[in-house]
Amino acid sequence: MGLTYFFGRMILAPLARTVYRPRIEGKANVPKSGPVIFASNHLSFIDSIVIPVAAPRPVHFLAKASYFEKPASRWFFTAIGAIPVQRGAGQAALDALDQQRELLDEGSAVALYPEGTRSLDGRLYKGRTGVAFLALQTGAPVVPVGLVGTDKAMPVGAKMPARSPRVTVRFGEPLDLAHHGPATSGKARRLATDEIMTAIHGLSGQELAGAYNEVPAQNTIDRIKQALPHERR
């Protein structure tokens, strides 16, 4: 990440906390060192800014490669700990998982959204198993995060976050998911994911959607794939 990231963490994070005054709860639950996965609900574009600002240690997350195309946006996203990645399924998804695994192997912290994409209606959707797979494979503890009010501070379409209402960030107690079984077990991944989502729900207090937050199907094949039972990763 280099000097840009460390400059951003020293300057941007304190500045953002001063201007927007987020309520931060449970910072003592975050391990001070070693690999850790922050698993959060996802309500707004600014979630990926709020978590690094609120966390008591450096946090990295993956962001669309297109955000890094212009010099100004590239500097900003690098400064807050973002790493460019090509979004998509198949090989792109595997490459993203590899990047996160490498960060954890280095003892870093990464932030992910088990829902996969933003909730546009404010409900908490079912978690996809990629986060659990990463946790079970690396042995990294998972710190659940509940974000409250980010959708009000910066709703869809807004260009800048508002200073009111204040955002709340809640860090839960670390979860050791190893008791569910190995990462190669589909059942273990599903049970571990459900435990993560239960913890997030306890922190965010959102209404449960009881379904996956699916991107609208673009064609008949996509609709068939969504209808068939399969593991959402």
# chains A, B, ... in the order shown; residues from 1 in each chain; ligands from 1

call {"tool": "closest_atom_pairs", "arguments": {"of": "segment 24-101 of chain A", "to": "segment 120-139 of chain A", "cutoff": "10 Å", "atoms": "only C-alpha atoms", "output": "Markdown table"}}
result
| residue | atom | partner | partner_atom | distance |
| --- | --- | --- | --- | --- |
| A:Pro35 | CA | A:Gly139 | CA | 8.5 |
| A:Val36 | CA | A:Ala135 | CA | 8.6 |
| A:Ile37 | CA | A:Ala135 | CA | 7.3 |
| A:Phe38 | CA | A:Val131 | CA | 9.4 |
| A:Ala39 | CA | A:Val131 | CA | 7.5 |
| A:Asn41 | CA | A:Leu124 | CA | 7.0 |
| A:His42 | CA | A:Leu124 | CA | 8.3 |
| A:Leu43 | CA | A:Gly122 | CA | 6.6 |
| A:Ser44 | CA | A:Leu120 | CA | 8.4 |
| A:Ala93 | CA | A:Gly130 | CA | 9.5 |
| A:Leu94 | CA | A:Gly130 | CA | 9.9 |
| A:Leu97 | CA | A:Leu134 | CA | 7.5 |
| A:Asp98 | CA | A:Leu134 | CA | 9.3 |
| A:Gln100 | CA | A:Leu134 | CA | 8.1 |
| A:Arg101 | CA | A:Leu134 | CA | 6.9 |

call {"tool": "closest_residue", "arguments": {"among": "A:Ala82, A:Ala192, A:Leu112, A:Ala16", "to": "Asp176 of chain A", "atoms": "only C-alpha atoms"}}
result
A:Ala192

call {"tool": "atom_distance", "arguments": {"atom1": "atom CA of Gly205 of chain A", "atom2": "atom CA of Thr117 of chain A"}}
result
18.3 Å

call {"tool": "residues_around", "arguments": {"residues": "segment 64-68 of chain A", "least_positions_apart": "3", "cutoff": "12 Å", "atoms": "only C-alpha atoms", "output": "PyMOL selection string"}}
result
chain A and resi 45+48+61+71-79+82-88+92+96

call {"tool": "write_last_selection", "arguments": {"atoms": "N, CA, C and O atoms", "output": "PDB file, in the first residue's frame"}}
result
ATOM      1  N   PHE A  45     -22.640   3.023  -0.141  1.00  0.00           N
ATOM      2  CA  PHE A  45     -21.313   3.121  -0.734  1.00  0.00           C
ATOM      3  C   PHE A  45     -20.259   3.461   0.312  1.00  0.00           C
ATOM      4  O   PHE A  45     -19.114   2.986   0.250  1.00  0.00           O
ATOM      5  N   SER A  48     -17.548   1.103   3.002  1.00  0.00           N
ATOM      6  CA  SER A  48     -16.134   0.745   2.828  1.00  0.00           C
ATOM      7  C   SER A  48     -15.198   1.871   3.235  1.00  0.00           C
ATOM      8  O   SER A  48     -13.978   1.687   3.243  1.00  0.00           O
ATOM      9  N   PHE A  61      -9.901  -3.605   1.953  1.00  0.00           N
ATOM     10  CA  PHE A  61     -11.067  -4.190   1.309  1.00  0.00           C
ATOM     11  C   PHE A  61     -10.878  -4.102  -0.192  1.00  0.00           C
ATOM     12  O   PHE A  61     -10.058  -3.317  -0.699  1.00  0.00           O
ATOM     13  N   PRO A  71      -6.478   9.488 -11.523  1.00  0.00           N
ATOM     14  CA  PRO A  71      -5.468   9.717 -10.470  1.00  0.00           C
ATOM     15  C   PRO A  71      -6.051  10.117  -9.118  1.00  0.00           C
ATOM     16  O   PRO A  71      -5.621   9.612  -8.077  1.00  0.00           O
ATOM     17  N   ALA A  72      -7.025  11.034  -9.113  1.00  0.00           N
ATOM     18  CA  ALA A  72      -7.574  11.518  -7.843  1.00  0.00           C
ATOM     19  C   ALA A  72      -8.292  10.400  -7.085  1.00  0.00           C
ATOM     20  O   ALA A  72      -8.087  10.231  -5.878  1.00  0.00           O
ATOM     21  N   SER A  73      -9.145   9.652  -7.794  1.00  0.00           N
ATOM     22  CA  SER A  73      -9.867   8.565  -7.124  1.00  0.00           C
ATOM     23  C   SER A  73      -8.915   7.427  -6.753  1.00  0.00           C
ATOM     24  O   SER A  73      -9.100   6.778  -5.722  1.00  0.00           O
ATOM     25  N   ARG A  74      -7.887   7.207  -7.580  1.00  0.00           N
ATOM     26  CA  ARG A  74      -6.906   6.170  -7.247  1.00  0.00           C
ATOM     27  C   ARG A  74      -6.188   6.521  -5.945  1.00  0.00           C
ATOM     28  O   ARG A  74      -5.990   5.667  -5.080  1.00  0.00           O
ATOM     29  N   TRP A  75      -5.812   7.795  -5.782  1.00  0.00           N
ATOM     30  CA  TRP A  75      -5.152   8.215  -4.547  1.00  0.00           C
ATOM     31  C   TRP A  75      -6.077   8.034  -3.351  1.00  0.00           C
ATOM     32  O   TRP A  75      -5.667   7.511  -2.314  1.00  0.00           O
ATOM     33  N   PHE A  76      -7.334   8.444  -3.498  1.00  0.00           N
ATOM     34  CA  PHE A  76      -8.272   8.367  -2.376  1.00  0.00           C
ATOM     35  C   PHE A  76      -8.500   6.923  -1.948  1.00  0.00           C
ATOM     36  O   PHE A  76      -8.405   6.603  -0.756  1.00  0.00           O
ATOM     37  N   PHE A  77      -8.801   6.037  -2.901  1.00  0.00           N
ATOM     38  CA  PHE A  77      -9.111   4.655  -2.528  1.00  0.00           C
ATOM     39  C   PHE A  77      -7.884   3.923  -2.000  1.00  0.00           C
ATOM     40  O   PHE A  77      -7.988   3.089  -1.097  1.00  0.00           O
ATOM     41  N   THR A  78      -6.707   4.230  -2.531  1.00  0.00           N
ATOM     42  CA  THR A  78      -5.487   3.646  -1.985  1.00  0.00           C
ATOM     43  C   THR A  78      -5.261   4.134  -0.566  1.00  0.00           C
ATOM     44  O   THR A  78      -4.847   3.376   0.316  1.00  0.00           O
ATOM     45  N   ALA A  79      -5.555   5.419  -0.316  1.00  0.00           N
ATOM     46  CA  ALA A  79      -5.345   6.015   0.998  1.00  0.00           C
ATOM     47  C   ALA A  79      -6.234   5.409   2.072  1.00  0.00           C
ATOM     48  O   ALA A  79      -5.870   5.412   3.250  1.00  0.00           O
ATOM     49  N   ALA A  82      -8.112   0.501   0.053  1.00  0.00           N
ATOM     50  CA  ALA A  82      -8.779  -0.306  -0.971  1.00  0.00           C
ATOM     51  C   ALA A  82      -7.751  -0.939  -1.909  1.00  0.00           C
ATOM     52  O   ALA A  82      -6.689  -0.379  -2.159  1.00  0.00           O
ATOM     53  N   ILE A  83      -8.088  -2.113  -2.405  1.00  0.00           N
ATOM     54  CA  ILE A  83      -7.247  -2.832  -3.351  1.00  0.00           C
ATOM     55  C   ILE A  83      -8.079  -3.117  -4.590  1.00  0.00           C
ATOM     56  O   ILE A  83      -9.182  -3.665  -4.489  1.00  0.00           O
ATOM     57  N   PRO A  84      -7.594  -2.751  -5.782  1.00  0.00           N
ATOM     58  CA  PRO A  84      -8.400  -2.940  -6.995  1.00  0.00           C
ATOM     59  C   PRO A  84      -8.588  -4.401  -7.349  1.00  0.00           C
ATOM     60  O   PRO A  84      -7.673  -5.217  -7.196  1.00  0.00           O
ATOM     61  N   VAL A  85      -9.788  -4.720  -7.800  1.00  0.00           N
ATOM     62  CA  VAL A  85     -10.086  -6.094  -8.208  1.00  0.00           C
ATOM     63  C   VAL A  85     -11.119  -6.049  -9.323  1.00  0.00           C
ATOM     64  O   VAL A  85     -11.993  -5.177  -9.356  1.00  0.00           O
ATOM     65  N   GLN A  86     -11.008  -6.984 -10.245  1.00  0.00           N
ATOM     66  CA  GLN A  86     -12.010  -7.120 -11.296  1.00  0.00           C
ATOM     67  C   GLN A  86     -13.195  -7.884 -10.721  1.00  0.00           C
ATOM     68  O   GLN A  86     -13.049  -9.031 -10.293  1.00  0.00           O
ATOM     69  N   ARG A  87     -14.347  -7.250 -10.677  1.00  0.00           N
ATOM     70  CA  ARG A  87     -15.535  -7.884 -10.121  1.00  0.00           C
ATOM     71  C   ARG A  87     -16.107  -8.889 -11.114  1.00  0.00           C
ATOM     72  O   ARG A  87     -16.019  -8.719 -12.321  1.00  0.00           O
ATOM     73  N   GLY A  88     -16.726  -9.934 -10.580  1.00  0.00           N
ATOM     74  CA  GLY A  88     -17.382 -10.902 -11.440  1.00  0.00           C
ATOM     75  C   GLY A  88     -17.343 -12.287 -10.842  1.00  0.00           C
ATOM     76  O   GLY A  88     -16.842 -12.512  -9.736  1.00  0.00           O
ATOM     77  N   ALA A  92     -12.605 -14.403 -11.867  1.00  0.00           N
ATOM     78  CA  ALA A  92     -12.480 -13.124 -11.179  1.00  0.00           C
ATOM     79  C   ALA A  92     -12.762 -13.277  -9.684  1.00  0.00           C
ATOM     80  O   ALA A  92     -12.073 -12.695  -8.842  1.00  0.00           O
ATOM     81  N   ALA A  96     -10.101 -12.754  -6.533  1.00  0.00           N
ATOM     82  CA  ALA A  96     -10.394 -11.881  -5.395  1.00  0.00           C
ATOM     83  C   ALA A  96     -10.174 -12.628  -4.082  1.00  0.00           C
ATOM     84  O   ALA A  96      -9.610 -12.093  -3.117  1.00  0.00           O
TER      85      ALA A  96
END

call {"tool": "atom_distance", "arguments": {"atom1": "atom CA of Val53 of chain A", "atom2": "atom CA of Pro141 of chain A"}}
result
20.4 Å

call {"tool": "closest_residue", "arguments": {"among": "A:Asn213, A:Thr193, A:Thr150, A:Thr184", "to": "Arg23 of chain A", "atoms": "only C-alpha atoms"}}
result
A:Thr150

call {"tool": "residues_around", "arguments": {"residues": "Val30 of chain A", "least_positions_apart": "2", "cutoff": "8 Å", "atoms": "only C-alpha atoms", "output": "count of residues only"}}
result
10

call {"tool": "select_by_dssp", "arguments": {"residues": "chain A", "states": "strand (DSSP E or B)", "output": "number ranges by chain"}}
result
A: 23-25, 36-40, 60-64, 82-85, 109-112, 124, 142-148, 168-171, 175, 208

call {"tool": "closest_residue", "arguments": {"among": "A:Ser119, A:Gln99, A:Ser40, A:Ser108", "to": "Ser204 of chain A", "atoms": "only C-alpha atoms"}}
result
A:Ser40

call {"tool": "closest_residue", "arguments": {"among": "A:Gln206, A:Ile46, A:Val19, A:Phe7", "to": "Met160 of chain A", "atoms": "only C-alpha atoms"}}
result
A:Ile46

call {"tool": "select_by_dssp", "arguments": {"residues": "segment 24-170 of chain A", "states": "alpha helix (DSSP H)", "output": "PyMOL selection string"}}
result
chain A and resi 47-54+71-79+91-105+130-138+150-153

call {"tool": "write_last_selection", "arguments": {"atoms": "N, CA and C atoms", "output": "compact mmCIF listing (two decimals), in the first residue's frame"}}
result
# COMPACT_ATOMS: atom_id res chain seq x y z
N ASP A 47 -19.92 2.51 3.30
CA ASP A 47 -19.58 1.47 4.27
C ASP A 47 -18.09 1.13 4.21
N SER A 48 -17.55 1.10 3.00
CA SER A 48 -16.13 0.75 2.83
C SER A 48 -15.20 1.87 3.24
N ILE A 49 -15.74 3.03 3.55
CA ILE A 49 -14.97 4.13 4.10
C ILE A 49 -15.15 4.18 5.61
N VAL A 50 -16.38 3.94 6.05
CA VAL A 50 -16.71 4.01 7.47
C VAL A 50 -15.93 2.96 8.28
N ILE A 51 -15.85 1.74 7.78
CA ILE A 51 -15.19 0.66 8.54
C ILE A 51 -13.70 0.97 8.75
N PRO A 52 -12.93 1.32 7.70
CA PRO A 52 -11.53 1.67 7.94
C PRO A 52 -11.34 2.88 8.86
N VAL A 53 -12.27 3.84 8.78
CA VAL A 53 -12.18 5.02 9.63
C VAL A 53 -12.44 4.65 11.09
N ALA A 54 -13.38 3.75 11.33
CA ALA A 54 -13.77 3.41 12.69
C ALA A 54 -12.89 2.34 13.34
N PRO A 71 -6.48 9.49 -11.52
CA PRO A 71 -5.47 9.72 -10.47
C PRO A 71 -6.05 10.12 -9.12
N ALA A 72 -7.02 11.03 -9.11
CA ALA A 72 -7.57 11.52 -7.84
C ALA A 72 -8.29 10.40 -7.08
N SER A 73 -9.14 9.65 -7.79
CA SER A 73 -9.87 8.56 -7.12
C SER A 73 -8.92 7.43 -6.75
N ARG A 74 -7.89 7.21 -7.58
CA ARG A 74 -6.91 6.17 -7.25
C ARG A 74 -6.19 6.52 -5.94
N TRP A 75 -5.81 7.80 -5.78
CA TRP A 75 -5.15 8.21 -4.55
C TRP A 75 -6.08 8.03 -3.35
N PHE A 76 -7.33 8.44 -3.50
CA PHE A 76 -8.27 8.37 -2.38
C PHE A 76 -8.50 6.92 -1.95
N PHE A 77 -8.80 6.04 -2.90
CA PHE A 77 -9.11 4.66 -2.53
C PHE A 77 -7.88 3.92 -2.00
N THR A 78 -6.71 4.23 -2.53
CA THR A 78 -5.49 3.65 -1.99
C THR A 78 -5.26 4.13 -0.57
N ALA A 79 -5.56 5.42 -0.32
CA ALA A 79 -5.35 6.02 1.00
C ALA A 79 -6.23 5.41 2.07
N GLN A 91 -13.40 -16.98 -12.61
CA GLN A 91 -12.00 -16.73 -12.29
C GLN A 91 -11.80 -15.43 -11.54
N ALA A 92 -12.60 -14.40 -11.87
CA ALA A 92 -12.48 -13.12 -11.18
C ALA A 92 -12.76 -13.28 -9.68
N ALA A 93 -13.78 -14.07 -9.35
CA ALA A 93 -14.12 -14.29 -7.94
C ALA A 93 -13.01 -15.06 -7.23
N LEU A 94 -12.42 -16.05 -7.92
CA LEU A 94 -11.32 -16.82 -7.33
C LEU A 94 -10.09 -15.96 -7.11
N ASP A 95 -9.82 -15.08 -8.06
CA ASP A 95 -8.68 -14.17 -7.92
C ASP A 95 -8.87 -13.24 -6.72
N ALA A 96 -10.10 -12.75 -6.53
CA ALA A 96 -10.39 -11.88 -5.39
C ALA A 96 -10.17 -12.63 -4.08
N LEU A 97 -10.61 -13.88 -4.05
CA LEU A 97 -10.44 -14.70 -2.85
C LEU A 97 -8.96 -14.91 -2.56
N ASP A 98 -8.17 -15.12 -3.61
CA ASP A 98 -6.72 -15.30 -3.44
C ASP A 98 -6.08 -14.04 -2.87
N GLN A 99 -6.52 -12.87 -3.34
CA GLN A 99 -5.96 -11.62 -2.83
C GLN A 99 -6.25 -11.46 -1.34
N GLN A 100 -7.47 -11.79 -0.94
CA GLN A 100 -7.84 -11.68 0.47
C GLN A 100 -7.06 -12.69 1.31
N ARG A 101 -6.86 -13.89 0.78
CA ARG A 101 -6.11 -14.92 1.50
C ARG A 101 -4.65 -14.47 1.71
N GLU A 102 -4.07 -13.85 0.69
CA GLU A 102 -2.70 -13.39 0.81
C GLU A 102 -2.57 -12.32 1.90
N LEU A 103 -3.54 -11.42 1.96
CA LEU A 103 -3.53 -10.39 3.00
C LEU A 103 -3.60 -11.01 4.39
N LEU A 104 -4.48 -12.00 4.55
CA LEU A 104 -4.62 -12.67 5.84
C LEU A 104 -3.35 -13.45 6.19
N ASP A 105 -2.72 -14.07 5.21
CA ASP A 105 -1.48 -14.80 5.45
C ASP A 105 -0.38 -13.86 5.93
N GLY A 130 -18.65 -17.33 0.86
CA GLY A 130 -17.25 -17.00 0.59
C GLY A 130 -16.50 -16.53 1.81
N VAL A 131 -17.14 -15.73 2.66
CA VAL A 131 -16.48 -15.23 3.87
C VAL A 131 -16.15 -16.39 4.80
N ALA A 132 -17.10 -17.30 4.99
CA ALA A 132 -16.87 -18.45 5.85
C ALA A 132 -15.77 -19.34 5.29
N PHE A 133 -15.77 -19.53 3.98
CA PHE A 133 -14.73 -20.33 3.34
C PHE A 133 -13.36 -19.76 3.64
N LEU A 134 -13.23 -18.45 3.53
CA LEU A 134 -11.95 -17.79 3.79
C LEU A 134 -11.55 -17.95 5.25
N ALA A 135 -12.51 -17.80 6.16
CA ALA A 135 -12.22 -17.93 7.58
C ALA A 135 -11.81 -19.36 7.94
N LEU A 136 -12.53 -20.33 7.42
CA LEU A 136 -12.23 -21.73 7.73
C LEU A 136 -10.91 -22.17 7.11
N GLN A 137 -10.60 -21.63 5.95
CA GLN A 137 -9.36 -22.01 5.26
C GLN A 137 -8.13 -21.40 5.92
N THR A 138 -8.23 -20.17 6.39
CA THR A 138 -7.08 -19.47 6.95
C THR A 138 -7.00 -19.55 8.47
N THR A 150 -25.81 4.30 7.75
CA THR A 150 -25.00 4.70 6.58
C THR A 150 -25.88 4.93 5.36
N ASP A 151 -27.00 4.21 5.29
CA ASP A 151 -27.92 4.41 4.16
C ASP A 151 -28.62 5.76 4.23
N LYS A 152 -28.76 6.30 5.44
CA LYS A 152 -29.36 7.63 5.60
C LYS A 152 -28.31 8.71 5.38
N ALA A 153 -27.08 8.45 5.81
CA ALA A 153 -26.01 9.43 5.65
C ALA A 153 -25.62 9.61 4.19

call {"tool": "closest_residue", "arguments": {"among": "A:Val145, A:Lys187, A:Leu177, A:Ser164", "to": "Gly202 of chain A", "atoms": "only C-alpha atoms"}}
result
A:Val145

call {"tool": "atom_distance", "arguments": {"atom1": "atom CA of Leu203 of chain A", "atom2": "atom CA of Ala111 of chain A"}}
result
16.2 Å
